[in-house]
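Only one structure is covered here, and it is reproduced in the block below.
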Amino acid sequence: MSAGHTVPHTRILVGLVGGAALGCLANALVENGTLPREPVSWAVRNLAQPVGAVFLNLLFLAIVPLVFASLALGVTRLGGDANVGRVATKTIGYFFITTACAAVIGLTLVNAIKPGHAARELREGLMEKFGGEAKGRIDKAEKTEFGVQMFVNFIPANPAAAFVRKDMPAIVVTALLVGFALGRIDPGRARHLIGLLEAVNQIAEVIVRWAMALAPYAVFALLFSTTAELGYELLKSLGAFVLTVLGGLAIHQFVVLPVLVAV
């Protein structure tokens, strides 16, 4: 998929730096009384935040059908009952192992670095802005108990509900089962659904390209809206968070994945 090549990464970097710089400047001018707060709040509320929301919605719109169609088609195209079953089993096992490793790495780094320990004023601002959404996610996570039932839920009784909830483990398993089943039925009947999945895959790729075309402006808007309201202190916490993420990705890429490939 060539979606990642529709926009030079330098334009996204310019949007990132420009949005953060302009947002910090606006926040500083508001704090010292040089600039009224209302025009800045209006620009954030009616210009910057909508642009960022459209970008994120485009990505979320495409990711579920893209994952489902790509996996289902990949399993279907392998051909051969024994081959498909072996690859499907290995894929599911690989998915669970890499997910578990990523979770362990993430939790370890977050508890060691503590990137969320921001200044008191910044924490209060973040809680006021995102506290409701965070509480909802925490409540949802607390209702999900780790155990046998969690693995049972990987095969959803209602796939549509899994798609609505964006339950990625259930979507992945459903896609693998659909691909495996398509390889077992009559090819004449399977080709219609295969054609539909190919169309869904191509549509999702086009939507991702649209999102990437919007990415420089969306990144600018997202950084501006956040820094204009919360100021320069936010960048320190974001920097710590980014370094934590990059560290986790580096460990996963250069330690976990080579070990799995060797095995």
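Each chain of the structure tokens is named A, B, ... in the order shown, its residues numbered from 1; ligands are numbered from 1 in display order.
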
Find the residues around Phe60 in chain A up to 12 Å (only C-alpha atoms counted), leave out those fewer than 6 positions away in its own chain, and share them as JSON, numbers by chain.
{"A": [53, 54, 66, 67, 163, 164, 165, 166, 204, 207, 208, 211]}

Extract, using only C-alpha atoms, all DNA, RNA and protein residues at most 8 Å from range 71-79 of chain A, discarding same-chain residues fewer than 5 positions from it, and format them as a list in words.
Val84, Val87, Ala88, Val172, Ala175, Leu176, Leu177, Val178, Gly179, Phe180, Leu182, Gly183, Ile194, Leu197 and Glu198 of chain A

Nearby residues (only C-alpha atoms) at most 8 Å from Val219 in chain A, same-chain spacing under 6 positions excluded, as a list in words
Ile12, Gly15, Leu16, Gly19 and Gly52 of chain A

How would the residues just picked look written out with N, CA and C atoms as a PDB file, in the first residue's frame?
ATOM      1  N   ILE A  12       4.948  16.665   7.341  1.00  0.00           N
ATOM      2  CA  ILE A  12       4.331  16.315   8.621  1.00  0.00           C
ATOM      3  C   ILE A  12       5.172  16.860   9.769  1.00  0.00           C
ATOM      4  N   GLY A  15       4.524  20.518  10.081  1.00  0.00           N
ATOM      5  CA  GLY A  15       3.243  20.725  10.752  1.00  0.00           C
ATOM      6  C   GLY A  15       3.333  20.487  12.242  1.00  0.00           C
ATOM      7  N   LEU A  16       4.078  19.475  12.634  1.00  0.00           N
ATOM      8  CA  LEU A  16       4.262  19.164  14.054  1.00  0.00           C
ATOM      9  C   LEU A  16       4.952  20.311  14.785  1.00  0.00           C
ATOM     10  N   GLY A  19       2.798  23.694  14.565  1.00  0.00           N
ATOM     11  CA  GLY A  19       1.636  23.697  15.455  1.00  0.00           C
ATOM     12  C   GLY A  19       2.021  23.868  16.907  1.00  0.00           C
ATOM     13  N   GLY A  52      -8.390  18.205  13.266  1.00  0.00           N
ATOM     14  CA  GLY A  52      -7.778  17.029  13.888  1.00  0.00           C
ATOM     15  C   GLY A  52      -8.753  15.884  14.032  1.00  0.00           C
TER      16      GLY A  52
END

I'd like to know which of A:Ser41, A:Pro216, A:Ala221, A:Val261 is closest to Val14 in chain A, using only C-alpha atoms.
A:Pro216

Taking 3 positions as the minimum chain separation for residues in the same chain, which residues sit within 9 Å of Ala21 in chain A when counting only C-alpha atoms? Answer as a PyMOL selection string.
chain A and resi 16-18+24-26+223-224+227+232
